[in-house]
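So this block is final14.cif, mmCIF, C-alpha atoms:
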data_model
loop_
_atom_site.label_atom_id
_atom_site.label_comp_id
_atom_site.auth_asym_id
_atom_site.auth_seq_id
_atom_site.Cartn_x
_atom_site.Cartn_y
_atom_site.Cartn_z
CA MET A 1 -39.47 44.94 19.45
CA ASN A 2 -36.46 47.17 19.91
CA ARG A 3 -36.67 50.80 20.86
CA LYS A 4 -36.22 52.15 17.32
CA LYS A 5 -39.11 50.02 16.08
CA LYS A 6 -41.25 51.15 19.02
CA ILE A 7 -40.50 54.79 18.17
CA VAL A 8 -41.49 54.20 14.53
CA ARG A 9 -44.68 52.49 15.74
CA ASN A 10 -45.47 55.44 18.06
CA ILE A 11 -44.87 57.96 15.26
CA ILE A 12 -47.21 56.05 12.93
CA ILE A 13 -49.89 55.98 15.65
CA LEU A 14 -49.37 59.71 16.29
CA ILE A 15 -49.70 60.55 12.58
CA ALA A 16 -52.90 58.49 12.35
CA LEU A 17 -54.38 60.05 15.48
CA SER A 18 -53.31 63.55 14.42
CA THR A 19 -55.07 63.09 11.08
CA LEU A 20 -58.20 62.11 12.95
CA PHE A 21 -57.69 64.97 15.35
CA LEU A 22 -57.06 67.55 12.64
CA ASN A 23 -60.29 66.44 11.00
CA ARG A 24 -62.25 67.42 14.07
CA GLY A 25 -62.04 71.19 13.95
CA ILE A 26 -58.41 71.35 15.06
CA SER A 27 -55.73 72.71 12.71
CA LEU A 28 -52.01 73.20 12.74
CA THR A 29 -52.12 76.75 11.34
CA PRO A 30 -54.54 79.69 11.64
CA MET A 31 -55.15 79.64 7.89
CA ALA A 32 -56.00 75.93 7.93
CA ALA A 33 -58.48 76.56 10.75
CA HIS A 34 -59.98 79.49 8.82
CA GLU A 35 -60.34 77.48 5.62
CA ALA A 36 -61.84 74.49 7.45
CA SER A 37 -64.22 76.81 9.28
CA GLU A 38 -65.44 78.40 6.02
CA ARG A 39 -65.86 75.07 4.26
CA SER A 40 -67.68 73.58 7.22
CA ILE A 41 -70.21 76.42 7.22
CA HIS A 42 -70.50 76.30 3.41
CA TYR A 43 -68.89 79.65 2.66
CA GLY A 44 -65.89 80.67 0.59
CA PRO A 45 -63.07 79.96 -0.03
CA SER A 46 -62.55 83.65 0.43
CA LYS A 47 -59.60 85.87 -0.38
CA VAL A 48 -57.79 86.95 2.77
CA VAL A 49 -57.03 90.68 2.66
CA HIS A 50 -55.81 91.26 6.19
CA ILE A 51 -54.96 89.32 9.35
CA GLU A 52 -54.87 90.92 12.77
CA ASP A 53 -53.91 89.31 16.09
CA PHE A 54 -55.80 89.36 19.34
CA ASP A 55 -54.79 87.73 22.62
CA ASP A 56 -55.57 84.13 21.79
CA GLY A 57 -56.45 84.30 18.14
CA LYS A 58 -56.67 86.21 14.89
CA TYR A 59 -59.17 88.26 12.93
CA ILE A 60 -59.16 87.29 9.27
CA LEU A 61 -60.65 89.93 7.00
CA CYS A 62 -61.87 88.46 3.72
CA LYS A 63 -63.64 88.97 0.43
CA TYR A 64 -65.65 86.25 -1.25
CA ASP A 65 -67.58 86.91 -4.46
CA LYS A 66 -70.21 89.50 -3.45
CA TRP A 67 -69.63 89.13 0.30
CA ILE A 68 -67.17 90.38 2.86
CA SER A 69 -66.41 88.71 6.17
CA CYS A 70 -64.16 88.82 9.20
CA ASN A 71 -63.72 85.34 10.55
CA THR A 72 -61.89 84.60 13.78
CA VAL A 73 -59.72 81.63 14.66
CA LYS A 74 -58.46 80.80 18.12
CA LYS A 75 -55.47 79.06 19.65
CA THR A 76 -56.23 75.84 21.43
CA MET A 77 -54.17 73.22 23.26
CA PHE A 78 -50.99 75.32 23.19
CA PHE A 79 -50.10 75.09 19.50
CA PHE A 80 -53.24 74.13 17.61
CA TRP A 81 -55.86 76.39 16.03
CA THR A 82 -59.59 76.03 15.99
CA PHE A 83 -62.73 77.78 14.74
CA GLY A 84 -63.67 81.15 16.21
CA ASN A 85 -66.95 82.74 15.29
CA GLN A 86 -68.78 84.93 12.78
CA VAL A 87 -67.43 83.11 9.76
CA THR A 88 -69.79 84.47 7.15
CA GLY A 89 -70.28 88.13 6.46
CA ILE A 90 -72.46 90.60 4.64
CA GLU A 91 -73.34 91.10 1.03
CA ILE A 92 -71.78 94.11 -0.64
CA ASP A 93 -74.34 96.71 -1.64
CA LYS A 94 -72.68 98.83 -4.30
CA GLY A 95 -75.55 101.30 -4.07
CA ARG A 96 -74.27 102.51 -0.71
CA PRO A 97 -71.06 104.48 -0.25
CA LEU A 98 -69.87 102.04 2.37
CA ASN A 99 -71.02 98.75 3.88
CA PHE A 100 -70.13 97.67 7.35
CA THR A 101 -71.17 95.33 10.11
CA TRP A 102 -70.30 95.05 13.76
CA GLY A 103 -70.03 92.19 16.19
CA TYR A 104 -68.53 91.25 19.51
CA SER A 105 -67.50 88.13 21.34
CA SER A 106 -65.87 87.67 24.74
CA ASP A 107 -65.37 91.40 25.30
CA ARG A 108 -63.73 91.78 21.90
CA ASN A 109 -65.38 94.07 19.39
CA LYS A 110 -64.89 94.31 15.68
CA LEU A 111 -66.35 96.55 13.05
CA TYR A 112 -65.41 95.93 9.46
CA GLY A 113 -66.61 96.94 6.07
CA ILE A 114 -65.91 97.87 2.51
CA ILE A 115 -65.80 101.22 0.74
CA ASN A 116 -67.81 101.35 -2.47
CA ASP A 117 -67.35 105.08 -3.09
CA SER A 118 -63.73 105.65 -4.13
CA ASN A 119 -63.98 109.26 -2.93
CA ILE A 120 -63.98 108.09 0.65
CA ASN A 121 -60.43 108.34 1.96
CA LYS A 122 -61.00 108.05 5.68
CA VAL A 123 -63.32 106.12 7.97
CA GLU A 124 -63.82 107.31 11.53
CA LEU A 125 -65.41 105.26 14.26
CA TYR A 126 -66.78 106.95 17.36
CA LEU A 127 -67.18 104.80 20.45
CA ASP A 128 -69.66 105.67 23.16
CA ASP A 129 -66.83 105.97 25.71
CA GLY A 130 -65.42 108.95 23.81
CA ARG A 131 -62.70 107.17 21.87
CA THR A 132 -62.33 107.70 18.13
CA LEU A 133 -60.72 105.18 15.84
CA SER A 134 -59.85 106.02 12.28
CA GLN A 135 -58.41 104.36 9.21
CA THR A 136 -57.05 105.93 6.05
CA GLU A 137 -55.01 103.08 4.59
CA PHE A 138 -57.43 100.43 3.42
CA TYR A 139 -56.81 96.72 3.04
CA ASP A 140 -56.95 95.58 -0.57
CA ASN A 141 -57.67 99.28 -1.32
CA ASP A 142 -61.22 99.25 0.00
CA MET A 143 -61.65 97.25 3.22
CA PHE A 144 -61.31 98.48 6.78
CA LEU A 145 -61.30 96.81 10.17
CA PHE A 146 -61.58 98.35 13.62
CA THR A 147 -61.05 96.21 16.68
CA TRP A 148 -61.23 97.17 20.31
CA GLU A 149 -61.68 95.51 23.66
CA GLY A 150 -64.07 96.35 26.47
CA GLU A 151 -67.69 97.20 26.88
CA ALA A 152 -67.66 100.33 24.71
CA SER A 153 -70.10 100.18 21.86
CA PHE A 154 -69.77 102.07 18.60
CA ASP A 155 -71.74 105.25 18.58
CA ASN A 156 -71.28 106.55 15.07
CA ILE A 157 -69.31 105.97 11.93
CA LYS A 158 -68.23 108.78 9.60
CA PHE A 159 -66.58 108.65 6.24
CA PRO A 160 -65.59 112.04 4.83
CA ARG A 161 -65.17 112.09 1.09
CA LYS A 162 -62.21 113.51 -0.76
CA TYR A 163 -62.42 117.09 -1.87
CA ILE A 164 -63.28 116.92 -5.57
CA VAL A 165 -62.39 119.94 -7.75
CA MET B 1 -32.15 36.87 45.82
CA VAL B 2 -28.39 37.05 45.68
CA MET B 3 -28.27 40.79 46.17
CA THR B 4 -30.16 40.48 49.41
CA MET B 5 -27.54 38.03 50.61
CA ASN B 6 -25.25 40.92 51.40
CA LEU B 7 -23.04 40.48 48.35
CA LEU B 8 -21.34 43.82 48.62
CA LYS B 9 -18.96 43.23 45.73
CA SER B 10 -21.80 42.45 43.36
CA ASP B 11 -23.72 45.51 44.53
CA LYS B 12 -20.69 47.67 43.98
CA PHE B 13 -20.16 46.13 40.55
CA ILE B 14 -23.75 46.77 39.49
CA ASN B 15 -23.77 50.32 40.87
CA GLU B 16 -20.65 51.11 38.90
CA VAL B 17 -22.19 49.75 35.68
CA ILE B 18 -25.39 51.70 36.33
CA SER B 19 -23.47 54.92 36.90
CA TYR B 20 -22.64 54.99 33.16
CA ILE B 21 -26.29 54.71 32.08
CA LYS B 22 -27.52 58.21 31.21
CA PHE B 23 -31.13 57.37 30.47
CA PRO B 24 -32.65 57.12 33.97
CA PHE B 25 -35.74 55.09 33.04
CA ASP B 26 -33.59 52.13 31.92
CA ARG B 27 -31.41 51.91 35.03
CA GLU B 28 -33.76 49.70 37.04
CA ASP B 29 -34.23 47.24 34.17
CA ILE B 30 -30.48 47.00 33.65
CA ARG B 31 -29.94 46.49 37.37
CA LYS B 32 -32.40 43.58 37.39
CA GLU B 33 -30.83 42.07 34.30
CA LEU B 34 -27.35 42.22 35.83
CA GLU B 35 -28.61 40.78 39.11
CA ASP B 36 -30.19 37.84 37.28
CA HIS B 37 -27.04 37.29 35.30
CA ILE B 38 -24.84 37.30 38.39
CA LEU B 39 -27.28 35.00 40.17
CA ASP B 40 -27.21 32.48 37.32
CA LYS B 41 -23.44 32.48 37.27
CA MET B 42 -23.17 32.09 41.01
CA GLU B 43 -25.62 29.21 40.94
CA TYR B 44 -23.43 27.57 38.31
CA TYR B 45 -20.34 27.85 40.54
CA ASP B 46 -22.38 26.80 43.55
CA SER B 47 -23.44 23.63 41.71
CA ARG B 48 -19.77 22.83 41.25
CA GLY B 49 -19.18 22.97 45.02
CA ILE B 50 -17.52 26.39 45.15
CA ASP B 51 -18.25 28.48 48.23
CA LYS B 52 -20.33 31.63 47.85
CA VAL B 53 -17.57 34.18 48.42
CA THR B 54 -15.35 32.56 45.79
CA ALA B 55 -18.34 32.07 43.49
CA GLU B 56 -19.04 35.80 43.65
CA GLU B 57 -15.45 36.68 42.89
CA LEU B 58 -15.35 34.27 39.95
CA THR B 59 -18.67 35.56 38.66
CA LEU B 60 -17.56 39.19 38.75
CA ARG B 61 -14.31 38.21 37.06
CA ASP B 62 -16.34 36.52 34.31
CA MET B 63 -18.59 39.54 33.97
CA GLY B 64 -15.68 41.77 32.98
CA ASN B 65 -14.83 45.40 33.51
CA PRO B 66 -17.83 47.34 34.94
CA LYS B 67 -16.75 50.53 33.20
CA GLU B 68 -16.61 48.86 29.78
CA ILE B 69 -19.95 47.14 30.41
CA GLY B 70 -21.50 50.44 31.55
CA ILE B 71 -20.27 52.32 28.47
CA ALA B 72 -21.48 49.55 26.16
CA LEU B 73 -24.87 49.38 27.83
CA ASN B 74 -25.20 53.15 27.74
CA ARG B 75 -24.57 53.03 23.99
CA GLU B 76 -27.20 50.30 23.69
CA HIS B 77 -29.73 52.22 25.80
CA ASN B 78 -29.27 55.45 23.87
CA PHE B 79 -30.18 58.52 25.91
CA VAL B 80 -31.73 60.44 22.98
CA LEU B 81 -33.70 57.46 21.66
CA GLY B 82 -34.84 56.74 25.19
CA TRP B 83 -36.30 60.19 25.62
CA ILE B 84 -37.87 60.16 22.13
CA TYR B 85 -39.48 56.85 23.03
CA LYS B 86 -40.74 58.19 26.36
CA ILE B 87 -42.11 61.40 24.83
CA THR B 88 -43.82 59.65 21.91
CA ASN B 89 -45.29 57.14 24.36
CA ALA B 90 -46.72 59.97 26.45
CA LEU B 91 -48.11 61.72 23.34
CA VAL B 92 -49.72 58.50 22.09
CA THR B 93 -51.38 58.06 25.48
CA ILE B 94 -52.65 61.67 25.55
CA PHE B 95 -53.91 61.51 21.96
CA LEU B 96 -55.60 58.16 22.60
CA ILE B 97 -57.41 59.51 25.67
CA ILE B 98 -58.56 62.64 23.78
CA THR B 99 -59.61 60.60 20.75
CA VAL B 100 -61.49 58.03 22.79
CA PHE B 101 -63.18 60.84 24.71
CA THR B 102 -64.19 62.96 21.70
CA VAL B 103 -65.06 60.08 19.39
CA GLY B 104 -66.85 58.39 22.27
CA ILE B 105 -69.02 61.45 22.86
CA SER B 106 -69.87 61.61 19.14
CA LEU B 107 -70.67 57.90 19.05
CA ILE B 108 -72.82 58.09 22.16
CA SER B 109 -74.65 61.15 20.77
CA THR B 110 -75.27 59.29 17.51
CA ILE B 111 -76.41 56.08 19.17
CA PHE B 112 -78.72 57.72 21.67
CA SER B 113 -80.03 60.59 19.52
CA GLY B 114 -82.99 58.44 18.47
CA ASN B 115 -85.80 59.42 16.19
CA PRO B 116 -86.34 63.20 16.10
CA ALA B 117 -90.03 62.61 15.34
CA LYS B 118 -90.65 60.33 18.31
CA HIS B 119 -92.71 63.01 20.05
CA ILE B 120 -95.35 62.80 17.31
CA ALA B 121 -98.15 60.45 18.39
CA LYS B 122 -99.17 57.90 15.76
CA GLU B 123 -102.83 58.82 16.05
CA ASP B 124 -101.96 62.44 15.16
CA ILE B 125 -100.24 61.51 11.90
CA VAL B 126 -102.20 62.12 8.70
CA TYR B 127 -99.42 60.82 6.48
CA ASP B 128 -95.78 59.84 6.75
CA ILE B 129 -93.90 59.93 3.45
CA LYS B 130 -90.58 58.15 3.10
CA VAL B 131 -88.49 60.63 1.13
CA ASN B 132 -84.99 59.20 0.74
CA GLU B 133 -83.53 62.24 -1.07
CA LYS B 134 -79.79 62.83 -0.67
CA VAL B 135 -77.91 66.08 -1.41
CA LYS B 136 -74.33 67.18 -0.81
CA ILE B 137 -72.80 70.58 -0.07
CA ASP B 138 -69.05 70.77 0.47
CA ASP B 139 -68.22 67.83 2.75
CA ARG B 140 -71.73 67.49 4.16
CA VAL B 141 -74.25 64.92 2.98
CA ILE B 142 -77.86 65.71 3.88
CA LYS B 143 -80.49 62.99 3.67
CA PHE B 144 -84.15 63.92 3.78
CA LYS B 145 -85.80 60.91 5.38
CA ASN B 146 -89.49 61.57 6.01
CA VAL B 147 -92.18 64.18 5.75
CA ILE B 148 -94.82 63.76 8.43
CA TYR B 149 -98.05 65.70 8.28
CA GLU B 150 -100.08 66.01 11.46
CA LYS B 151 -103.79 66.58 12.03
CA ASN B 152 -103.05 69.97 13.62
CA GLY B 153 -101.50 71.19 10.35
CA ASP B 154 -97.86 70.78 11.37
CA LEU B 155 -95.63 69.51 8.60
CA ASN B 156 -92.41 67.91 9.87
CA ILE B 157 -89.36 67.42 7.70
CA ILE B 158 -87.08 64.73 9.13
CA TYR B 159 -83.49 64.74 7.94
CA GLU B 160 -80.02 63.67 8.92
CA TYR B 161 -76.57 64.75 7.87
CA TYR B 162 -72.99 63.68 8.22
CA ASP B 163 -69.52 64.71 7.12
CA THR B 164 -67.85 62.76 4.34
CA LYS B 165 -64.48 63.14 6.05
CA PRO B 166 -64.06 60.30 8.53
CA LEU B 167 -65.28 61.52 11.91
CA GLY B 168 -65.17 65.07 10.58
CA MET B 169 -66.48 67.82 12.79
CA GLY B 170 -67.37 71.44 12.14
CA TRP B 171 -70.24 73.86 12.22
CA SER B 172 -73.70 72.38 12.44
CA LEU B 173 -76.06 72.92 9.53
CA GLY B 174 -77.70 76.30 10.08
CA SER B 175 -80.59 75.79 7.70
CA ILE B 176 -81.80 73.07 5.40
CA GLY B 177 -82.84 75.81 2.98
CA THR B 178 -85.86 77.82 1.95
CA ILE B 179 -89.09 75.85 2.19
CA ARG B 180 -91.77 76.55 -0.40
CA ASP B 181 -94.69 74.83 -2.03
CA ASN B 182 -95.60 74.35 -5.67
CA LEU B 183 -97.83 77.44 -5.49
CA GLY B 184 -94.89 79.66 -4.60
CA ASN B 185 -95.75 80.11 -0.93
CA GLU B 186 -92.72 80.36 1.32
CA TYR B 187 -92.77 78.92 4.83
CA PHE B 188 -90.85 79.66 7.98
CA VAL B 189 -89.70 76.85 10.18
CA SER B 190 -91.61 77.39 13.40
CA SER B 191 -89.55 74.93 15.40
CA GLY B 192 -86.70 72.56 14.88
CA SER B 193 -84.04 70.60 16.62
CA SER B 194 -81.05 68.47 15.80
CA SER B 195 -78.85 66.07 17.68
CA GLY B 196 -75.09 66.03 17.70
CA GLY B 197 -72.88 63.13 16.87
CA ILE B 198 -71.31 61.60 13.81
CA VAL B 199 -74.72 61.45 12.13
CA THR B 200 -76.86 64.40 13.15
CA LYS B 201 -80.60 63.84 13.08
CA GLY B 202 -82.88 66.83 12.75
CA ILE B 203 -86.47 67.91 12.39
CA SER B 204 -87.91 71.14 10.98
CA THR B 205 -91.56 71.87 11.61
CA ILE B 206 -93.83 74.20 9.67
CA SER B 207 -97.08 75.21 11.34
CA ASN B 208 -100.44 75.69 9.63
CA PHE B 209 -99.42 73.90 6.48
CA SER B 210 -102.33 73.45 4.13
CA ASP B 211 -103.46 69.92 3.33
CA LYS B 212 -104.16 71.03 -0.24
CA ILE B 213 -100.50 71.46 -1.11
CA ASP B 214 -99.22 68.66 -3.31
CA THR B 215 -95.49 69.44 -3.56
CA LEU B 216 -92.99 70.58 -0.98
CA ILE B 217 -89.85 72.28 -2.26
CA ILE B 218 -86.68 72.62 -0.19
CA GLU B 219 -84.17 74.89 -1.89
CA TYR B 220 -80.75 75.82 -0.55
CA ASP B 221 -79.11 78.74 -2.30
CA MET B 222 -76.47 80.36 -0.14
CA TYR B 223 -72.93 81.52 -0.80
CA ASN B 224 -72.80 79.79 -4.20
CA ARG B 225 -74.01 76.44 -2.88
CA TYR B 226 -77.22 75.08 -4.30
CA TYR B 227 -79.60 72.17 -4.06
CA LYS B 228 -83.28 71.68 -4.61
CA VAL B 229 -85.45 68.84 -3.40
CA GLU B 230 -89.05 68.40 -4.51
CA ILE B 231 -91.21 66.14 -2.40
CA PRO B 232 -94.68 65.08 -3.63
CA LEU B 233 -97.25 65.17 -0.83
CA LYS B 234 -100.34 63.06 -0.31
CA THR B 235 -103.19 65.51 -0.75
CA GLY B 236 -105.56 62.99 -2.27
CA ASP B 237 -105.27 60.56 0.61
CA LEU B 238 -106.49 62.95 3.24
CA ASN B 239 -110.18 62.47 2.64
CA GLU B 240 -110.01 58.73 2.11
#

As a first step, turn the structure in this file into structure tokens.
Amino acid sequence: MNRKKKIVRNIIILIALSTLFLNRGISLTPMAAHEASERSIHYGPSKVVHIEDFDDGKYILCKYDKWISCNTVKKTMFFFWTFGNQVTGIEIDKGRPLNFTWGYSSDRNKLYGIINDSNINKVELYLDDGRTLSQTEFYDNDMFLFTWEGEASFDNIKFPRKYIV
Amino acid sequence: MVMTMNLLKSDKFINEVISYIKFPFDREDIRKELEDHILDKMEYYDSRGIDKVTAEELTLRDMGNPKEIGIALNREHNFVLGWIYKITNALVTIFLIITVFTVGISLISTIFSGNPAKHIAKEDIVYDIKVNEKVKIDDRVIKFKNVIYEKNGDLNIIYEYYDTKPLGMGWSLGSIGTIRDNLGNEYFVSSGSSSGGIVTKGISTISNFSDKIDTLIIEYDMYNRYYKVEIPLKTGDLNE
């Protein structure tokens, strides 16, 4: 077998093994990892409204039917992507002005939610180390995401409403 | 070996040819090939009674210009193709090791996971119903295998699941669903376990389950996925 044929043989083996590999929780892109993660846990497919990077991965803020979620995906083996955590989210309760949930993993914190009361034009997050995070521009017009690193926990969340004449 | 016979001209000839070969991993093979070729030729001249020094000179004359041979061989042993071959070979090896390792772990887990109800002593079993109900959500097939009722009131649901994608892997099944009876009572799973592997075997146990219940209902209704399995129980047999 000459070298060209051996290269073709190797490429065929690599494609076959990659297919097997990519079927085992490893993806070529963050979105593929996110979609596989959702399907594997029997959730979604959700609509992605915002993506935010962290050191070795991404937060993916989503809406799905009556739920919201913020999945994470992580880099693995240099250029592949794999499942993160907290794939599913919370059910939207339209009876409340705002719904949110909070979680952390590996010293990374996230707090995300959805605004049900259109008069809310700002969400402020107070951490117990004195920091305040705020958001006024919302993803898909009604979703917000706060991320921070470290041990600080969230202390309070405030959402002043617009002044209505 | 001719080259060990201090044939300096042949060595020089081969070194010159080799100097044109850009792909380093082929140089040794080419050297051996040239050595064999020179040896064959010299043996031919030797068989015709020509002395070794003359035989070497004649052989090298027959071989041709080392520069031309080197350039031709370099073209044959293409530098780019050589590296592509080496890299793809290394990748195939790495992928094979990872695949054997990961698939091997899954296979071993599947083979040695055993029966999740093996801890239940036969003398404690009131009834063991073969269920054989199969449901599917997304790429996961769940098979309910047995329902085992124990004298202490524990009801065990034995199930297994697998991914329809070949050797697929993902999140494990969080819950088999809400467990109710035909009277509308809802039960919490007091304990449960599941193995890993290609086929995951699991058991969910409900404590203090009444022996008067004649139908067990397992209903999964989460995130727009739904299945319902109704399993008739053996109430009448208990007092026999």

Requested in this report: Please identify all polymer residues within 8 Å of Asn85 (chain A), counting all atoms listed in the file, omitting same-chain residues fewer than 3 positions from it, and present them as a PyMOL selection string.
Outcome: chain A and resi 71-73

Requested in this report: On this file, the PyMOL selection byres ((chain A) within 12 of (chain B)) gives some set of residues; write that set as a count of residues only.
Outcome: 58

Report task. Apply the PyMOL selection byres ((chain A and resi 128) around 6) to the file shown and report the selected residues as a PyMOL selection string. Result -> chain A and resi 127+129-130+152-155

Since we have the selection now, will you write its residues out, keeping C-alpha atoms, as a JSON list (two decimals), in the frame of the given file?
[["chain", "number", "residue", "atom", "x", "y", "z"],
["A", 127, "LEU", "CA", -67.18, 104.80, 20.45],
["A", 129, "ASP", "CA", -66.83, 105.97, 25.71],
["A", 130, "GLY", "CA", -65.42, 108.95, 23.81],
["A", 152, "ALA", "CA", -67.66, 100.33, 24.71],
["A", 153, "SER", "CA", -70.10, 100.18, 21.86],
["A", 154, "PHE", "CA", -69.77, 102.07, 18.60],
["A", 155, "ASP", "CA", -71.74, 105.25, 18.58]]

Query raised in the report: What is the distance, in Å and to one decimal place, between CA of Glu28 (chain B) and CA of Glu56 (chain B)?
Result: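 It comes out at 21.3 Å.
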
Query raised in the report: Suppose you want the space between CA of Gly103 (chain A) and CA of Phe78 (chain A); what is it in Å?
Result: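 These atoms are spaced 26.4 Å apart.
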
Requested in this report: Please provide as a PyMOL selection string all residues within 10 Å of Pro232 (chain B), with the sequence filter that same-chain residues fewer than 4 positions apart are discarded (counting only C-alpha atoms).
Outcome: chain B and resi 129+131+147+181-182+213-217

Report as an mmCIF file with C-alpha atoms, in the coordinates of the input all protein, DNA and RNA residues lying within 12 Å of Thr54 (chain B), evaluated on only C-alpha atoms, omitting residues in the same chain fewer than 2 positions from it.
data_model
loop_
_atom_site.group_PDB
_atom_site.id
_atom_site.type_symbol
_atom_site.label_atom_id
_atom_site.label_comp_id
_atom_site.auth_asym_id
_atom_site.auth_seq_id
_atom_site.Cartn_x
_atom_site.Cartn_y
_atom_site.Cartn_z
ATOM 1 C CA LEU B 7 -23.040 40.480 48.350
ATOM 2 C CA LYS B 9 -18.960 43.230 45.730
ATOM 3 C CA LYS B 41 -23.440 32.480 37.270
ATOM 4 C CA MET B 42 -23.170 32.090 41.010
ATOM 5 C CA GLU B 43 -25.620 29.210 40.940
ATOM 6 C CA TYR B 45 -20.340 27.850 40.540
ATOM 7 C CA ASP B 46 -22.380 26.800 43.550
ATOM 8 C CA ARG B 48 -19.770 22.830 41.250
ATOM 9 C CA GLY B 49 -19.180 22.970 45.020
ATOM 10 C CA ILE B 50 -17.520 26.390 45.150
ATOM 11 C CA ASP B 51 -18.250 28.480 48.230
ATOM 12 C CA LYS B 52 -20.330 31.630 47.850
ATOM 13 C CA GLU B 56 -19.040 35.800 43.650
ATOM 14 C CA GLU B 57 -15.450 36.680 42.890
ATOM 15 C CA LEU B 58 -15.350 34.270 39.950
ATOM 16 C CA THR B 59 -18.670 35.560 38.660
ATOM 17 C CA LEU B 60 -17.560 39.190 38.750
ATOM 18 C CA ARG B 61 -14.310 38.210 37.060
#

Report task. Name the residues that the PyMOL selection byres ((chain A and resi 105) around 12) picks from the file above, as an MDAnalysis selection string, using the file's chain letters and numbers. Result -> chainID A and resid 54 59 71:72 84:86 102:104 106:111 147:151

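Between CA of Leu233 (chain B) and CA of Gly114 (chain B) the interatomic distance comes to 24.9 Å.
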
Requested in this report: Give me the residues within 6 Å of Tyr112 (chain A) as a list of chain:residue names, counting all atoms listed in the file and dropping any in the same chain fewer than 3 places off.
Outcome: A:Phe100, A:Thr101, A:Phe144, A:Leu145

Set up a box along x, y and z of the file covering all listed atoms of region 65-79 of chain A, add 8 Å on every one of the six sides, and write the centre and edge lengths in Å to one decimal, as JSON.
{"center_x": -60.2, "center_y": 81.8, "center_z": 9.4, "size_x": 36.1, "size_y": 33.2, "size_z": 43.7}

Query raised in the report: Looking at A:Pro30, A:Thr136, A:Asp93, A:Cys62, which one is nearest to His50 (chain A), with distances taken over only C-alpha atoms?
Result: A:Cys62

**Report entry** Pick from B:Gly153, B:Gly184, B:Gly64, B:Gly177 nearest to Val135 (chain B), counting all atoms listed in the file
**Finding:** B:Gly177

Query - Protein, DNA and RNA residues within 12 Å of (-28.3, 36.5, 38.3), all atoms listed in the file, as a PyMOL selection string - result: chain B and resi 1-4+10-11+14+30-45+56+59-60+63

Could you turn the residues from that selection into a file that holds C-alpha atoms, as a compact mmCIF listing (two decimals), keeping the file's coordinate frame?
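In the end it all went to again-v6.txt:
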# COMPACT_ATOMS: atom_id res chain seq x y z
CA MET B 1 -32.15 36.87 45.82
CA VAL B 2 -28.39 37.05 45.68
CA MET B 3 -28.27 40.79 46.17
CA THR B 4 -30.16 40.48 49.41
CA SER B 10 -21.80 42.45 43.36
CA ASP B 11 -23.72 45.51 44.53
CA ILE B 14 -23.75 46.77 39.49
CA ILE B 30 -30.48 47.00 33.65
CA ARG B 31 -29.94 46.49 37.37
CA LYS B 32 -32.40 43.58 37.39
CA GLU B 33 -30.83 42.07 34.30
CA LEU B 34 -27.35 42.22 35.83
CA GLU B 35 -28.61 40.78 39.11
CA ASP B 36 -30.19 37.84 37.28
CA HIS B 37 -27.04 37.29 35.30
CA ILE B 38 -24.84 37.30 38.39
CA LEU B 39 -27.28 35.00 40.17
CA ASP B 40 -27.21 32.48 37.32
CA LYS B 41 -23.44 32.48 37.27
CA MET B 42 -23.17 32.09 41.01
CA GLU B 43 -25.62 29.21 40.94
CA TYR B 44 -23.43 27.57 38.31
CA TYR B 45 -20.34 27.85 40.54
CA GLU B 56 -19.04 35.80 43.65
CA THR B 59 -18.67 35.56 38.66
CA LEU B 60 -17.56 39.19 38.75
CA MET B 63 -18.59 39.54 33.97

Which neighbours of Lys122 (chain A) fall inside 12 Å, counting only C-alpha atoms, when residues of the same chain fewer than 6 positions from it are skipped, and could you give them as an mmCIF file with C-alpha atoms, in the coordinates of the input?
data_model
loop_
_atom_site.group_PDB
_atom_site.id
_atom_site.type_symbol
_atom_site.label_atom_id
_atom_site.label_comp_id
_atom_site.auth_asym_id
_atom_site.auth_seq_id
_atom_site.Cartn_x
_atom_site.Cartn_y
_atom_site.Cartn_z
ATOM 1 C CA LEU A 98 -69.870 102.040 2.370
ATOM 2 C CA ILE A 114 -65.910 97.870 2.510
ATOM 3 C CA ILE A 115 -65.800 101.220 0.740
ATOM 4 C CA LEU A 133 -60.720 105.180 15.840
ATOM 5 C CA SER A 134 -59.850 106.020 12.280
ATOM 6 C CA GLN A 135 -58.410 104.360 9.210
ATOM 7 C CA THR A 136 -57.050 105.930 6.050
ATOM 8 C CA GLU A 137 -55.010 103.080 4.590
ATOM 9 C CA PHE A 138 -57.430 100.430 3.420
ATOM 10 C CA ASN A 141 -57.670 99.280 -1.320
ATOM 11 C CA ASP A 142 -61.220 99.250 0.000
ATOM 12 C CA MET A 143 -61.650 97.250 3.220
ATOM 13 C CA PHE A 144 -61.310 98.480 6.780
ATOM 14 C CA ILE A 157 -69.310 105.970 11.930
ATOM 15 C CA LYS A 158 -68.230 108.780 9.600
ATOM 16 C CA PHE A 159 -66.580 108.650 6.240
ATOM 17 C CA PRO A 160 -65.590 112.040 4.830
ATOM 18 C CA ARG A 161 -65.170 112.090 1.090
ATOM 19 C CA LYS A 162 -62.210 113.510 -0.760
ATOM 20 C CA TYR A 163 -62.420 117.090 -1.870
#
